Structures are given as C-alpha cells and as structure tokens.
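File shown: data-v1.cif. Contents: mmCIF, C-alpha atoms.
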data_data
loop_
_atom_site.label_atom_id
_atom_site.label_comp_id
_atom_site.auth_asym_id
_atom_site.auth_seq_id
_atom_site.Cartn_x
_atom_site.Cartn_y
_atom_site.Cartn_z
CA MET N 1 0.00 0.00 0.00
CA ASN N 2 1.39 3.35 -0.95
CA PRO N 3 1.82 6.03 1.76
CA ARG N 4 -0.83 8.25 0.23
CA ASP N 5 -3.50 5.53 0.47
CA LEU N 6 -2.39 4.72 4.00
CA GLU N 7 -2.87 8.34 5.07
CA LEU N 8 -6.23 8.51 3.31
CA LEU N 9 -7.46 5.34 5.02
CA SER N 10 -6.22 6.49 8.43
CA ALA N 11 -7.88 9.89 8.11
CA TYR N 12 -11.07 8.31 6.72
CA LEU N 13 -11.17 6.02 9.74
CA ASP N 14 -11.19 9.05 12.00
CA GLY N 15 -13.73 10.94 9.90
CA GLN N 16 -11.13 13.57 9.08
CA LEU N 17 -11.34 13.51 5.30
CA ALA N 18 -12.98 16.33 3.42
CA PRO N 19 -16.34 15.22 1.93
CA PRO N 20 -15.09 15.06 -1.70
CA ASP N 21 -12.00 12.99 -0.69
CA SER N 22 -14.17 10.80 1.46
CA ALA N 23 -16.60 10.14 -1.42
CA ARG N 24 -13.78 9.25 -3.78
CA LEU N 25 -12.25 6.84 -1.24
CA GLU N 26 -15.60 5.18 -0.56
CA SER N 27 -16.08 4.46 -4.26
CA ARG N 28 -12.61 2.88 -4.35
CA LEU N 29 -13.33 0.86 -1.20
CA ALA N 30 -16.49 -0.51 -2.79
CA SER N 31 -14.51 -2.02 -5.63
CA ASP N 32 -11.12 -2.79 -3.96
CA GLU N 33 -11.19 -5.66 -1.47
CA SER N 34 -7.54 -5.27 -0.57
CA LEU N 35 -8.11 -1.63 0.32
CA ARG N 36 -11.08 -2.65 2.49
CA ALA N 37 -8.92 -5.20 4.28
CA ARG N 38 -6.30 -2.53 4.99
CA LEU N 39 -8.95 -0.25 6.37
CA ASN N 40 -10.16 -3.02 8.65
CA ASP N 41 -6.59 -3.68 9.80
CA LEU N 42 -6.18 -0.07 10.79
CA ARG N 43 -9.60 -0.07 12.48
CA SER N 44 -8.81 -3.14 14.57
CA THR N 45 -5.38 -1.77 15.50
CA ARG N 46 -7.00 1.46 16.65
CA GLY N 47 -9.61 -0.62 18.52
CA LEU N 48 -6.88 -2.49 20.40
CA LEU N 49 -5.24 0.77 21.43
CA ARG N 50 -8.55 2.26 22.54
CA GLN N 51 -9.30 -0.69 24.79
CA LEU N 52 -6.06 -0.36 26.68
CA PRO N 53 -7.02 0.05 30.32
CA ALA N 54 -6.34 3.41 31.89
CA ARG N 55 -4.11 3.02 34.91
CA ARG N 56 -4.88 4.74 38.16
CA VAL N 57 -2.44 7.41 39.13
CA PRO N 58 -0.02 6.16 41.78
CA ARG N 59 -0.41 9.42 43.71
CA ASN N 60 -1.80 12.89 43.35
CA PHE N 61 0.35 15.28 41.36
CA THR N 62 -0.85 18.46 43.06
CA LEU N 63 1.86 21.01 43.68
CA THR N 64 2.91 22.27 47.09
CA PRO N 65 3.93 25.91 47.52
CA GLN N 66 7.54 24.74 47.89
CA MET N 67 7.43 22.80 44.64
CA ALA N 68 5.88 25.74 42.87
CA GLY N 69 8.47 28.07 44.36
CA LEU N 70 5.83 30.02 46.24
CA GLN N 71 6.15 31.33 49.76
CA PRO N 72 3.18 30.22 51.83
CA PRO N 73 1.08 33.17 52.98
CA THR N 74 2.22 34.41 56.37
CA PRO N 75 -0.45 34.42 59.08
CA ARG N 76 -1.53 38.01 59.77
CA VAL N 77 -0.56 37.85 63.43
CA VAL N 78 3.09 37.06 62.67
CA PRO N 79 4.16 40.65 61.87
CA VAL N 80 2.65 41.71 65.21
CA PHE N 81 4.77 39.14 67.01
CA ARG N 82 7.83 40.23 65.05
CA LEU N 83 7.26 43.83 66.05
CA ALA N 84 6.69 42.83 69.66
CA THR N 85 9.90 40.80 69.57
CA ALA N 86 11.85 43.73 68.23
CA LEU N 87 10.36 46.05 70.85
CA ALA N 88 10.96 43.67 73.75
CA THR N 89 14.52 43.02 72.57
CA PHE N 90 15.14 46.76 72.27
CA LEU N 91 13.80 47.41 75.76
CA PHE N 92 15.78 44.50 77.14
CA PHE N 93 19.02 45.87 75.75
CA ILE N 94 18.16 49.40 76.83
CA THR N 95 17.63 48.24 80.41
CA LEU N 96 20.80 46.21 80.15
CA VAL N 97 22.78 49.24 78.98
CA ILE N 98 21.21 51.61 81.54
CA ASN N 99 21.93 49.26 84.41
CA GLY N 100 25.44 48.71 83.12
CA LEU N 101 26.04 52.45 82.93
CA VAL N 102 24.58 53.00 86.37
CA LEU N 103 26.79 50.34 87.78
CA ARG N 104 29.83 51.82 86.12
CA SER N 105 28.94 55.33 87.32
CA ALA N 106 28.38 54.08 90.81
CA THR N 107 31.71 52.37 90.72
CA SER N 108 33.42 55.50 89.45
CA ALA N 109 31.70 57.65 92.03
CA MET N 110 32.76 55.32 94.76
CA ALA N 111 36.23 55.23 93.38
CA ALA N 112 36.31 59.02 93.24
CA ARG N 113 35.18 59.26 96.85
CA ALA N 114 37.46 56.53 97.95
CA PRO N 115 40.06 57.96 100.32
CA ALA N 116 43.42 58.86 99.17
CA PRO N 117 46.09 56.64 100.44
CA LEU N 118 45.55 56.39 104.05
CA SER N 119 47.99 55.72 106.61
CA ALA N 120 47.45 52.66 108.65
CA ALA N 121 46.65 54.82 111.66
CA GLN N 122 43.85 56.71 109.92
CA GLY N 123 42.41 53.62 108.32
CA PRO N 124 39.32 52.32 110.03
CA ALA N 125 38.24 55.55 111.61
CA HIS N 126 38.49 57.58 108.44
CA ALA N 127 36.70 54.98 106.45
CA ALA N 128 33.90 54.94 108.91
CA THR N 129 33.32 58.62 108.48
CA GLN N 130 33.39 58.37 104.74
CA ALA N 131 30.96 55.54 104.53
CA PRO N 132 27.73 57.45 105.14
CA ALA N 133 28.64 59.84 102.36
CA LEU N 134 28.56 57.09 99.76
CA PRO N 135 24.90 56.11 99.76
CA PRO N 136 23.63 59.55 98.71
CA ALA N 137 26.02 59.56 95.83
CA LEU N 138 24.75 56.23 94.67
CA ASN N 139 21.21 57.14 95.57
CA ALA N 140 21.37 59.91 93.03
CA LEU N 141 21.96 57.25 90.42
CA GLY N 142 18.91 55.30 91.52
CA ALA N 143 20.60 52.36 93.15
CA THR N 144 18.40 49.98 95.12
CA SER N 145 19.93 46.77 96.28
CA ALA N 146 22.42 46.18 98.96
CA PRO N 147 24.29 43.20 97.52
CA ARG N 148 25.47 45.38 94.67
CA THR N 149 27.34 47.49 97.18
CA LEU N 150 29.46 44.59 98.07
CA SER N 151 30.02 43.61 94.52
CA ALA N 152 30.91 47.16 93.62
CA ALA N 153 33.26 47.61 96.47
CA PRO N 154 36.05 45.39 95.17
CA ARG N 155 36.15 47.47 92.02
CA MET N 156 37.52 50.28 94.06
CA THR N 157 40.75 48.45 94.18
CA GLU N 158 40.90 48.64 90.41
CA ALA N 159 40.73 52.40 90.27
CA PRO N 160 42.45 53.99 93.13
CA GLY N 161 44.55 56.20 90.88
CA PRO N 162 42.54 59.40 90.43
CA SER N 163 42.25 60.11 94.09
CA ALA N 164 45.65 58.90 94.95
CA ALA N 165 47.20 62.29 95.51
CA GLY N 166 50.69 62.13 96.65
CA GLY N 167 51.62 58.89 95.05
CA ALA N 168 50.21 55.49 94.26
CA PRO N 169 49.00 53.68 97.27
CA LEU N 170 50.52 50.47 98.26
CA PRO N 171 48.23 47.48 98.18
CA THR N 172 48.34 47.25 101.91
CA GLU N 173 47.25 50.83 102.21
CA ILE N 174 44.21 50.51 99.94
CA SER N 175 43.03 47.23 101.30
CA THR N 176 42.32 48.70 104.66
CA PRO N 177 39.63 51.23 103.66
CA VAL N 178 37.96 48.73 101.37
CA VAL N 179 37.51 46.29 104.15
CA ALA N 180 36.39 49.10 106.36
CA LEU N 181 33.93 50.30 103.76
CA LYS N 182 32.47 46.87 103.34
CA SER N 183 31.93 46.50 107.01
CA ASN N 184 30.77 50.01 107.66
CA ALA N 185 28.87 51.10 104.61
CA PRO N 186 25.50 49.64 105.61
CA GLN N 187 25.53 51.65 108.78
CA LEU N 188 24.31 55.16 109.22
CA GLU N 189 25.96 57.41 111.70
CA SER N 190 23.15 56.57 114.07
CA GLY N 191 24.17 52.96 113.75
CA GLN N 192 20.93 51.84 111.99
CA PRO N 193 21.25 49.56 108.99
CA VAL N 194 20.63 51.35 105.72
CA ARG N 195 19.15 50.14 102.51
CA THR N 196 22.05 51.00 100.33
CA GLN N 197 20.72 52.16 97.00
CA THR N 198 23.50 51.16 94.73
CA GLY N 199 21.54 48.72 92.44
CA PRO N 200 20.37 49.25 88.86
CA SER N 201 18.11 52.14 87.98
CA VAL N 202 15.72 49.83 86.13
CA PRO N 203 14.33 47.09 88.33
CA PHE N 204 15.98 43.77 87.73
CA ASP N 205 12.57 42.08 87.43
CA LEU N 206 11.66 44.35 84.56
CA GLU N 207 14.89 43.53 82.77
CA VAL N 208 14.18 39.83 83.11
CA LEU N 209 10.61 40.36 81.96
CA PHE N 210 11.76 42.09 78.78
CA GLY N 211 14.19 39.25 78.11
CA ILE N 212 11.48 36.63 78.57
CA LEU N 213 9.06 38.58 76.40
CA ALA N 214 11.66 38.93 73.64
CA LEU N 215 12.29 35.19 73.70
CA GLY N 216 8.57 34.36 73.87
CA PHE N 217 7.51 36.67 71.06
CA GLY N 218 10.49 35.65 68.94
CA GLY N 219 9.76 31.97 69.42
CA THR N 220 6.10 32.46 68.53
CA ALA N 221 6.98 34.48 65.44
CA TRP N 222 9.34 31.67 64.39
CA ILE N 223 6.99 28.76 65.12
CA LEU N 224 3.72 30.20 63.77
CA PRO N 225 4.63 30.35 60.05
CA ARG N 226 6.10 26.84 60.19
CA LYS N 227 3.05 25.47 61.93
CA TYR N 228 0.86 27.20 59.37
CA GLU N 229 2.94 25.81 56.49
CA SER N 230 2.78 22.33 57.97
CA ASN N 231 -1.01 22.54 58.21
CA LEU N 232 -1.11 23.80 54.65
CA ARG N 233 0.98 20.85 53.47
CA LYS N 234 -1.34 18.43 55.25
CA LYS N 235 -4.25 20.09 53.49
CA TRP N 236 -2.55 19.65 50.10
CA ASN N 237 -1.79 16.00 50.80
CA LYS N 238 -5.38 15.30 51.77
CA LYS N 239 -6.66 16.59 48.44
CA MET R 240 -15.57 22.72 36.89
CA ASP R 241 -15.31 26.24 35.55
CA GLU R 242 -12.08 25.65 33.66
CA PRO R 243 -11.53 29.16 32.24
CA ALA R 244 -12.03 30.73 35.69
CA LEU R 245 -9.65 28.24 37.28
CA ILE R 246 -7.04 28.90 34.59
CA GLN R 247 -7.34 32.65 35.12
CA SER R 248 -6.97 32.29 38.87
CA ALA R 249 -4.00 29.97 38.42
CA GLN R 250 -2.39 32.47 36.08
CA ARG R 251 -2.59 35.01 38.91
CA GLY R 252 -0.66 32.55 41.10
CA ASP R 253 -3.57 30.78 42.81
CA LEU R 254 -2.14 27.35 43.52
CA ASP R 255 -5.46 26.00 44.78
CA ALA R 256 -7.04 26.76 41.42
CA PHE R 257 -4.16 25.14 39.57
CA ASN R 258 -4.35 22.06 41.77
CA SER R 259 -8.02 21.68 40.90
CA LEU R 260 -6.93 21.52 37.26
CA VAL R 261 -4.21 19.03 38.20
CA LEU R 262 -6.73 16.74 39.85
CA HIS R 263 -8.93 16.93 36.78
CA TYR R 264 -6.21 16.15 34.24
CA GLN R 265 -3.71 14.02 36.15
CA ASP R 266 -5.16 10.70 34.91
CA ALA R 267 -4.89 11.74 31.28
CA LEU R 268 -1.35 13.07 31.65
CA PHE R 269 -0.12 10.10 33.65
CA ASN R 270 -1.58 7.56 31.21
CA THR R 271 -0.12 9.45 28.27
CA ALA R 272 3.30 9.43 29.90
CA LEU R 273 2.91 5.78 30.85
CA ARG R 274 2.19 4.73 27.26
CA ILE R 275 4.99 6.86 25.82
CA LEU R 276 7.59 5.80 28.40
CA GLY R 277 6.36 2.30 29.23
CA ASP R 278 7.43 2.66 32.86
CA GLU R 279 5.25 3.68 35.77
CA ASP R 280 7.94 5.42 37.82
CA LEU R 281 9.28 7.36 34.88
CA ALA R 282 5.72 8.26 33.89
CA ALA R 283 5.02 9.58 37.40
CA ASP R 284 8.19 11.69 37.28
CA ALA R 285 7.33 13.04 33.83
CA THR R 286 3.76 13.85 34.92
CA GLN R 287 4.95 15.73 37.99
CA GLU R 288 7.52 17.57 35.92
CA ALA R 289 4.86 18.45 33.36
CA PHE R 290 2.50 19.93 35.95
CA LEU R 291 5.31 21.89 37.55
CA SER R 292 6.42 23.24 34.19
CA SER R 293 2.80 24.04 33.31
CA PHE R 294 2.36 26.10 36.46
CA GLN R 295 5.61 27.95 35.92
CA HIS R 296 4.76 28.75 32.29
CA LEU R 297 1.02 29.17 32.70
CA ASN R 298 1.13 32.72 31.38
CA SER R 299 2.27 31.38 28.00
CA TYR R 300 -1.13 29.69 27.64
CA ARG R 301 -3.11 31.90 25.28
CA GLY R 302 -6.41 30.05 25.05
CA GLY R 303 -7.48 27.06 23.00
CA SER R 304 -7.64 23.53 24.31
CA PHE R 305 -6.09 23.49 27.77
CA LYS R 306 -5.89 19.70 27.66
CA SER R 307 -3.91 19.92 24.46
CA TRP R 308 -1.59 22.51 26.04
CA LEU R 309 -1.04 20.22 29.03
CA MET R 310 -0.44 17.27 26.73
CA ARG R 311 2.31 19.22 25.03
CA THR R 312 4.09 19.74 28.35
CA VAL R 313 3.83 16.07 29.27
CA THR R 314 4.97 15.01 25.78
CA ASN R 315 8.00 17.28 26.13
CA ALA R 316 8.69 15.88 29.59
CA CYS R 317 8.52 12.37 28.09
CA TYR R 318 10.91 13.31 25.28
CA ASP R 319 13.34 14.64 27.90
CA GLU R 320 12.99 11.40 29.84
CA LEU R 321 13.58 9.33 26.69
CA ARG R 322 16.70 11.38 25.89
CA ARG R 323 18.00 10.75 29.42
CA LYS R 324 17.18 7.07 29.05
CA LYS R 325 19.09 6.97 25.78
CA ARG R 326 22.15 8.50 27.43
CA ARG R 327 21.92 6.01 30.30
CA PRO R 328 20.54 2.81 28.72
CA THR R 329 19.16 0.17 31.04
CA THR R 330 18.84 -3.58 30.60
CA PRO R 331 15.84 -4.37 28.40
CA LEU R 332 13.04 -6.49 29.75
CA GLU R 333 13.26 -8.83 26.77
CA PRO R 334 15.80 -11.64 27.07
CA ASP R 335 18.41 -11.85 24.35
CA ALA R 336 18.39 -14.85 22.03
CA GLU R 337 21.45 -17.08 21.80
CA ASP R 338 22.75 -15.19 18.80
CA GLY R 339 22.62 -11.97 20.82
CA ASP R 340 19.61 -10.52 19.03
CA GLU R 341 16.71 -9.31 21.09
CA MET R 342 13.84 -11.78 20.97
CA ASP R 343 10.83 -10.29 19.28
CA SER R 344 8.57 -13.08 20.39
CA PRO R 345 5.66 -12.86 22.83
CA ARG R 346 6.96 -15.91 24.71
CA TRP R 347 8.94 -13.73 27.12
CA LEU R 348 5.68 -12.21 28.25
CA ALA R 349 3.88 -15.49 28.80
CA ASP R 350 5.48 -16.53 32.08
CA SER R 351 3.01 -14.72 34.30
CA THR R 352 1.26 -17.63 36.02
CA LEU R 353 0.34 -16.01 39.29
CA THR R 354 -2.78 -14.18 38.11
CA PRO R 355 -6.06 -15.79 37.03
CA GLU R 356 -6.04 -16.86 33.41
CA GLY R 357 -8.32 -14.16 32.08
CA GLN R 358 -6.42 -11.40 33.83
CA ALA R 359 -3.15 -12.87 32.70
CA GLU R 360 -4.28 -12.82 29.08
CA ALA R 361 -5.40 -9.23 29.38
CA ASP R 362 -2.11 -8.32 31.01
CA GLU R 363 -0.17 -10.06 28.29
CA LEU R 364 -2.10 -8.30 25.57
CA GLU R 365 -1.44 -5.01 27.30
CA HIS R 366 2.24 -5.88 27.55
CA ALA R 367 2.28 -6.82 23.89
CA ILE R 368 0.75 -3.52 22.86
CA GLN R 369 3.14 -1.63 25.12
CA HIS R 370 6.03 -3.60 23.66
CA CYS R 371 4.99 -2.54 20.17
CA LEU R 372 4.53 1.06 21.28
CA ASP R 373 8.01 1.03 22.80
CA HIS R 374 9.44 -0.02 19.47
CA LEU R 375 7.94 2.94 17.62
CA PRO R 376 10.02 6.05 17.07
CA ALA R 377 9.23 8.54 19.84
CA GLU R 378 7.47 11.05 17.59
CA PHE R 379 5.20 8.31 16.15
CA ARG R 380 4.51 6.98 19.61
CA ALA R 381 3.40 10.35 20.97
CA VAL R 382 1.00 10.86 18.07
CA VAL R 383 -0.65 7.45 18.31
CA VAL R 384 -0.93 7.67 22.10
CA LEU R 385 -2.54 11.10 21.96
CA ALA R 386 -4.92 10.24 19.12
CA ASP R 387 -5.86 6.62 19.72
CA ILE R 388 -5.38 6.17 23.46
CA GLN R 389 -6.22 9.64 24.77
CA GLY R 390 -8.79 10.33 22.04
CA LEU R 391 -7.59 13.84 21.13
CA ASP R 392 -8.76 15.16 17.78
CA TYR R 393 -6.32 15.90 14.99
CA ALA R 394 -6.05 19.61 15.73
CA GLU R 395 -5.35 18.94 19.42
CA VAL R 396 -2.73 16.33 18.60
CA ALA R 397 -1.04 18.65 16.10
CA ALA R 398 -1.02 21.42 18.72
CA ALA R 399 0.32 19.07 21.36
CA ILE R 400 3.24 17.88 19.27
CA ARG R 401 3.73 21.31 17.65
CA ALA R 402 3.64 19.89 14.16
CA PRO R 403 1.61 20.78 11.08
CA LEU R 404 -1.63 18.87 10.62
CA GLY R 405 -0.28 17.09 7.52
CA THR R 406 2.79 15.83 9.40
CA MET R 407 0.63 14.67 12.26
CA LYS R 408 -1.73 12.75 9.90
CA SER R 409 1.20 11.09 8.18
CA ARG R 410 2.82 10.06 11.47
CA LEU R 411 -0.45 8.65 12.79
CA ALA R 412 -1.07 6.54 9.68
CA ARG R 413 2.48 5.15 9.68
CA ALA R 414 2.37 4.52 13.42
CA ARG R 415 -0.84 2.51 13.05
CA LEU R 416 0.66 0.48 10.23
CA ARG R 417 3.81 -0.30 12.20
CA LEU R 418 1.78 -1.25 15.25
CA ARG R 419 -0.31 -3.62 13.20
CA GLU R 420 2.80 -5.28 11.78
CA CYS R 421 4.31 -5.59 15.26
CA LEU R 422 1.11 -7.00 16.77
CA GLN R 423 1.03 -9.76 14.16
CA GLY R 424 3.90 -11.29 16.16
CA PHE R 425 1.53 -11.65 19.11
CA ALA R 426 -1.23 -13.41 17.18
CA GLU R 427 -2.12 -15.85 19.96
CA LEU R 428 -2.79 -12.96 22.35
CA LEU R 429 -4.96 -10.94 20.04
CA PRO R 430 -8.75 -10.98 20.10
CA ALA R 431 -10.38 -13.30 17.52
CA ALA R 432 -11.66 -10.42 15.40
CA PHE R 433 -8.17 -9.06 14.96
CA ARG R 434 -6.80 -12.49 14.01
CA LEU R 435 -9.52 -13.10 11.41
CA GLN R 436 -8.74 -9.83 9.71
CA GLU R 437 -5.08 -10.57 9.89
CA GLU R 438 -5.61 -13.98 8.24
CA ARG R 439 -7.75 -12.40 5.59
CA SER R 440 -5.02 -9.95 4.72
#

Rewrite the structure from the file as structure tokens, please.
Amino acid sequence: MNPRDLELLSAYLDGQLAPPDSARLESRLASDESLRARLNDLRSTRGLLRQLPARRVPRNFTLTPQMAGLQPPTPRVVPVFRLATALATFLFFITLVINGLVLRSATSAMAARAPAPLSAAQGPAHAATQAPALPPALNALGATSAPRTLSAAPRMTEAPGPSAAGGAPLPTEISTPVVALKSNAPQLESGQPVRTQTGPSVPFDLEVLFGILALGFGGTAWILPRKYESNLRKKWNKK
Amino acid sequence: MDEPALIQSAQRGDLDAFNSLVLHYQDALFNTALRILGDEDLAADATQEAFLSSFQHLNSYRGGSFKSWLMRTVTNACYDELRRKKRRPTTPLEPDAEDGDEMDSPRWLADSTLTPEGQAEADELEHAIQHCLDHLPAEFRAVVVLADIQGLDYAEVAAAIRAPLGTMKSRLARARLRLRECLQGFAELLPAAFRLQEERS
C-alpha cells in the first residue's frame, strides 16, 4: 500500500477527510477488497489501542507551595509578634545598657570618693566617716539593692589612681579602707542599717521580663509560620 | 468545573485553582506518559515535571484547548525522559536470544502464572501492545498515544506535538501500520476479530 493511500485510510477512519475525498475513497473501497482489508486492519489496531485500560495514578500530582516556588502566605498575626519581639529586645538591651552604665557610674563615684592613700593609723576611723557619704552619691543614680554594694566595692581596688594624691597607694594601704567600707557602709551614723541604693536604675525584674518577652515573642513568630505551612501541606496532601 | 475561571486564577498565582486543574487532568497526563515511556515510575516523574512546568509557564497559555496545552508539556517531559534514558541505557526487559539478538517473540511475556487466566491474558495483551509502542520512534509513539489512546482530535494532537496537521496525519497513519505489523507477532494474544482480519489480509 502506498503512503498516500495509507494516510487517506487512516484519516477516513477518524472521519477527518474532506467530503469530496471521502466520497472518492468510498467508491474505491467498494470495488477494492484489498483496500477494504487494509482499512479493517487499521480499524482493529486502533480498537486495540482504545481498549487499553487506563491506569490509576499512583499518587496525586498536586503542587505544594515549595514545589511551585511560592512562599506560603504568612499568618496576619506574625508581623505583630515580630514587632513585639523587636520592641521587647530593644527594651531589654536598653535596660541592660542603663543598668550597666549605672553600675559603672556608681563604681566611678565610689572610686572618686574613695580615700586617698591612708595611713594605717587613719584607716578604720576615716573609712567609717566616709561611709555614710557614699549612699547619697549612689542614691542619686537610683541604686536599690544592697548586695550590689558589696560587689561594687572590690572594684575600688581597680581604680584607686585618680584620688591617689601624693603617690600610688601600696596594696596594703588601699586594702584597709575597702575592708572598712564593706563592714561600715550599711551603717548610718546613728548605727541603723541602711538600705544601700546602689543597684540598677531599672528594676531587675523588669529587665528579666523584657528578656522573657523577647524570647517568647520571637519563638512564637518563628513557630507560627512553620506550623501554618505544615497545616497547609497536610491540606494539600489530603486533596 | 469552571475551567476558564480556574485557569485565570491559576495564572494570577492561585495554587489551589491550579491544583483543581491538576486533579482533573492528572489521569490523562499520567496515562499518556505511561504509554509513551512504558514505565510507571518514569511516567510519574514526567507527569509531575509536566505539571510543575505548566504552572511555571502558565502565562504562556493563550487560550485554545487546555488539555492539548497540558499534553504538550507532558509530551515534552517524556521526550526529555527518553533522551535521558538513551544517554543512560538500562537492561531491556526482553531476554536476548542465543545469537545476541533481542527476541521479538511474545513468549517472554507469557510466564506470568500467578494471576487468574483471564487477567493474565489481558495483562499479556497489554504488555504486547506496550512492547509494540516502545518499538515505535518517539514522535510516532506520541502521536498514536494522543490520538488513539487519549482520544484527542487531529487539531489537538497537532497542537500538542507542535507539528503541522499534515505531518501529524502522516505520522499517525504510519504509526498505526507499524503497530499492526508488530502486533502480528503476538497473534495468539490478540482478540479473535483481529486475528480473522489478519488472516484475511
């Protein structure tokens, strides 16, 4: 069979021949048994192909946002948490810096008021008279807690220089007033214990609260979109 | 299913809308890929690749038969897969004869004894047809699968394979003839009607 007849028969089988071509082919088919047999061959071959069973898909081919290169929509509340995180972190660091500065100032003030090198004879007595003068200086800086006094006191040994008129003090000379200060600072002249106000200017509880809030908001802002995306993926898979 | 509305939404990036289209057409695309590639895993990969490519290039769809447009993407994905397969050939399913030539006999298919007889015969016939499809040139295979298995009309097939209508008609006729010649080697598996015609010719 020549290619032209083959194409004609194939198109005729599918009803794709123009009416004049179709009429001409039908008249040939009526008289040509071999041509009819070829047409039947093509018809049965097409019939075999058409009866091939359609297979079920092994899985759904739906696309996930990741596959499609799309970012899943962010839940509306996430930006609020991000802002809150930024704010809480900012406040946390501000309180941290303020308290740090206060502590440093307090230390400097104490160092500035620390006695010049004292002689061993002046030691305890002089220190005792100086002690009451310290709390107001620290009070001006908003100090609150007593334990800080003790922690600040050793720093005095690091900066004795500025007040050390008449030469650098010997370690033995400086150690005496420090010990005296530690033991005498919490006492007023009247002998009553004093709430030494040498702590941070921002309450420690508030500082901790800001830290916790920053962590909490940050964690929520991190978890929420992932949780949302995971739910979205489950939704896709269910479809 | 309001297909035009879904397509429009999908073109604006609505993945839900596109996935509705995926669910509607996935059977057709998978079966097309399966018949062109002859392997379920490869067909699944090609189908997934086709849908992904379709979504990414959805704005290039300018109307007409959406099914035909999708079929073009899956046909292209199958051609890519066939090219990869050609670069990395695998062991054929057919055993080699003693002289090293590949056996072109249906006997290699007839060793499935685990299924009931009727099912086994149907499976063997399906295998025989797939075997013959696999031996067609890729461009003939795509045409006959789209026209005779998926039932697309000539214009849709021509659009899907991006070929002129005349070329498509010629390929379809020659593909049918080659399939018939190949299937004659599986005479014992073929339905009686097919055998009678074959004997007559």

**Prompt:** What is the CA of Ala111 in chain N-CA of Leu91 in chain N distance in Å, reported with one decimal?
**Reply:** 29.6 Å

Residues within 12 Å of (-3.0, -0.2, 10.4), file coords, only C-alpha atoms, listed as a tab-separated table (two decimals) with C-alpha atoms, in the frame of the given file:
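The result, stored in point22.tsv:
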chain	number	residue	atom	x	y	z
N	1	MET	CA	0.00	0.00	0.00
N	3	PRO	CA	1.82	6.03	1.76
N	5	ASP	CA	-3.50	5.53	0.47
N	6	LEU	CA	-2.39	4.72	4.00
N	7	GLU	CA	-2.87	8.34	5.07
N	8	LEU	CA	-6.23	8.51	3.31
N	9	LEU	CA	-7.46	5.34	5.02
N	10	SER	CA	-6.22	6.49	8.43
N	11	ALA	CA	-7.88	9.89	8.11
N	13	LEU	CA	-11.17	6.02	9.74
N	35	LEU	CA	-8.11	-1.63	0.32
N	36	ARG	CA	-11.08	-2.65	2.49
N	37	ALA	CA	-8.92	-5.20	4.28
N	38	ARG	CA	-6.30	-2.53	4.99
N	39	LEU	CA	-8.95	-0.25	6.37
N	40	ASN	CA	-10.16	-3.02	8.65
N	41	ASP	CA	-6.59	-3.68	9.80
N	42	LEU	CA	-6.18	-0.07	10.79
N	43	ARG	CA	-9.60	-0.07	12.48
N	44	SER	CA	-8.81	-3.14	14.57
N	45	THR	CA	-5.38	-1.77	15.50
N	46	ARG	CA	-7.00	1.46	16.65
N	47	GLY	CA	-9.61	-0.62	18.52
N	48	LEU	CA	-6.88	-2.49	20.40
N	49	LEU	CA	-5.24	0.77	21.43
R	383	VAL	CA	-0.65	7.45	18.31
R	387	ASP	CA	-5.86	6.62	19.72
R	410	ARG	CA	2.82	10.06	11.47
R	411	LEU	CA	-0.45	8.65	12.79
R	412	ALA	CA	-1.07	6.54	9.68
R	413	ARG	CA	2.48	5.15	9.68
R	414	ALA	CA	2.37	4.52	13.42
R	415	ARG	CA	-0.84	2.51	13.05
R	416	LEU	CA	0.66	0.48	10.23
R	417	ARG	CA	3.81	-0.30	12.20
R	418	LEU	CA	1.78	-1.25	15.25
R	419	ARG	CA	-0.31	-3.62	13.20
R	420	GLU	CA	2.80	-5.28	11.78
R	421	CYS	CA	4.31	-5.59	15.26
R	422	LEU	CA	1.11	-7.00	16.77
R	423	GLN	CA	1.03	-9.76	14.16
R	433	PHE	CA	-8.17	-9.06	14.96
R	436	GLN	CA	-8.74	-9.83	9.71
R	437	GLU	CA	-5.08	-10.57	9.89
R	440	SER	CA	-5.02	-9.95	4.72

Counting all atoms listed in the file, which residues sit no farther than 8 Å from the position (-8.5, 13.6, 28.5) in the file's frame? I'd like them as a short mmCIF file (atom, residue, chain, number, x, y, z; two decimals) with C-alpha atoms, keeping the file's coordinate frame.
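Full text of result.cif as output:
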data_model
loop_
_atom_site.label_atom_id
_atom_site.label_comp_id
_atom_site.auth_asym_id
_atom_site.auth_seq_id
_atom_site.Cartn_x
_atom_site.Cartn_y
_atom_site.Cartn_z
CA TYR R 264 -6.21 16.15 34.24
CA ASP R 266 -5.16 10.70 34.91
CA ALA R 267 -4.89 11.74 31.28
CA LEU R 268 -1.35 13.07 31.65
CA LYS R 306 -5.89 19.70 27.66
CA GLN R 389 -6.22 9.64 24.77
CA GLY R 390 -8.79 10.33 22.04
CA LEU R 391 -7.59 13.84 21.13
#

**Request:** Using the chain letters and numbers from the file, give me the residues hit by the PyMOL selection byres ((chain N and resi 56) around 10), as an NGL selection string.
**Result:** (:N and (53-55 or 57-59)) or (:R and (265-267 or 269-270))

**Request:** Tell me, in Å to one decimal, how far CA of Arg76 in chain N is from CA of Phe92 in chain N.
**Result:** 25.4 Å

**Asked** With all atoms listed in the file as the atoms that count, which of R:Thr406, R:Val313, R:Glu365, R:Ala272 lies nearest to Arg50 in chain N?
**Response**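 Among the listed residues, the smallest separation from Arg50 in chain N belongs to R:Glu365.
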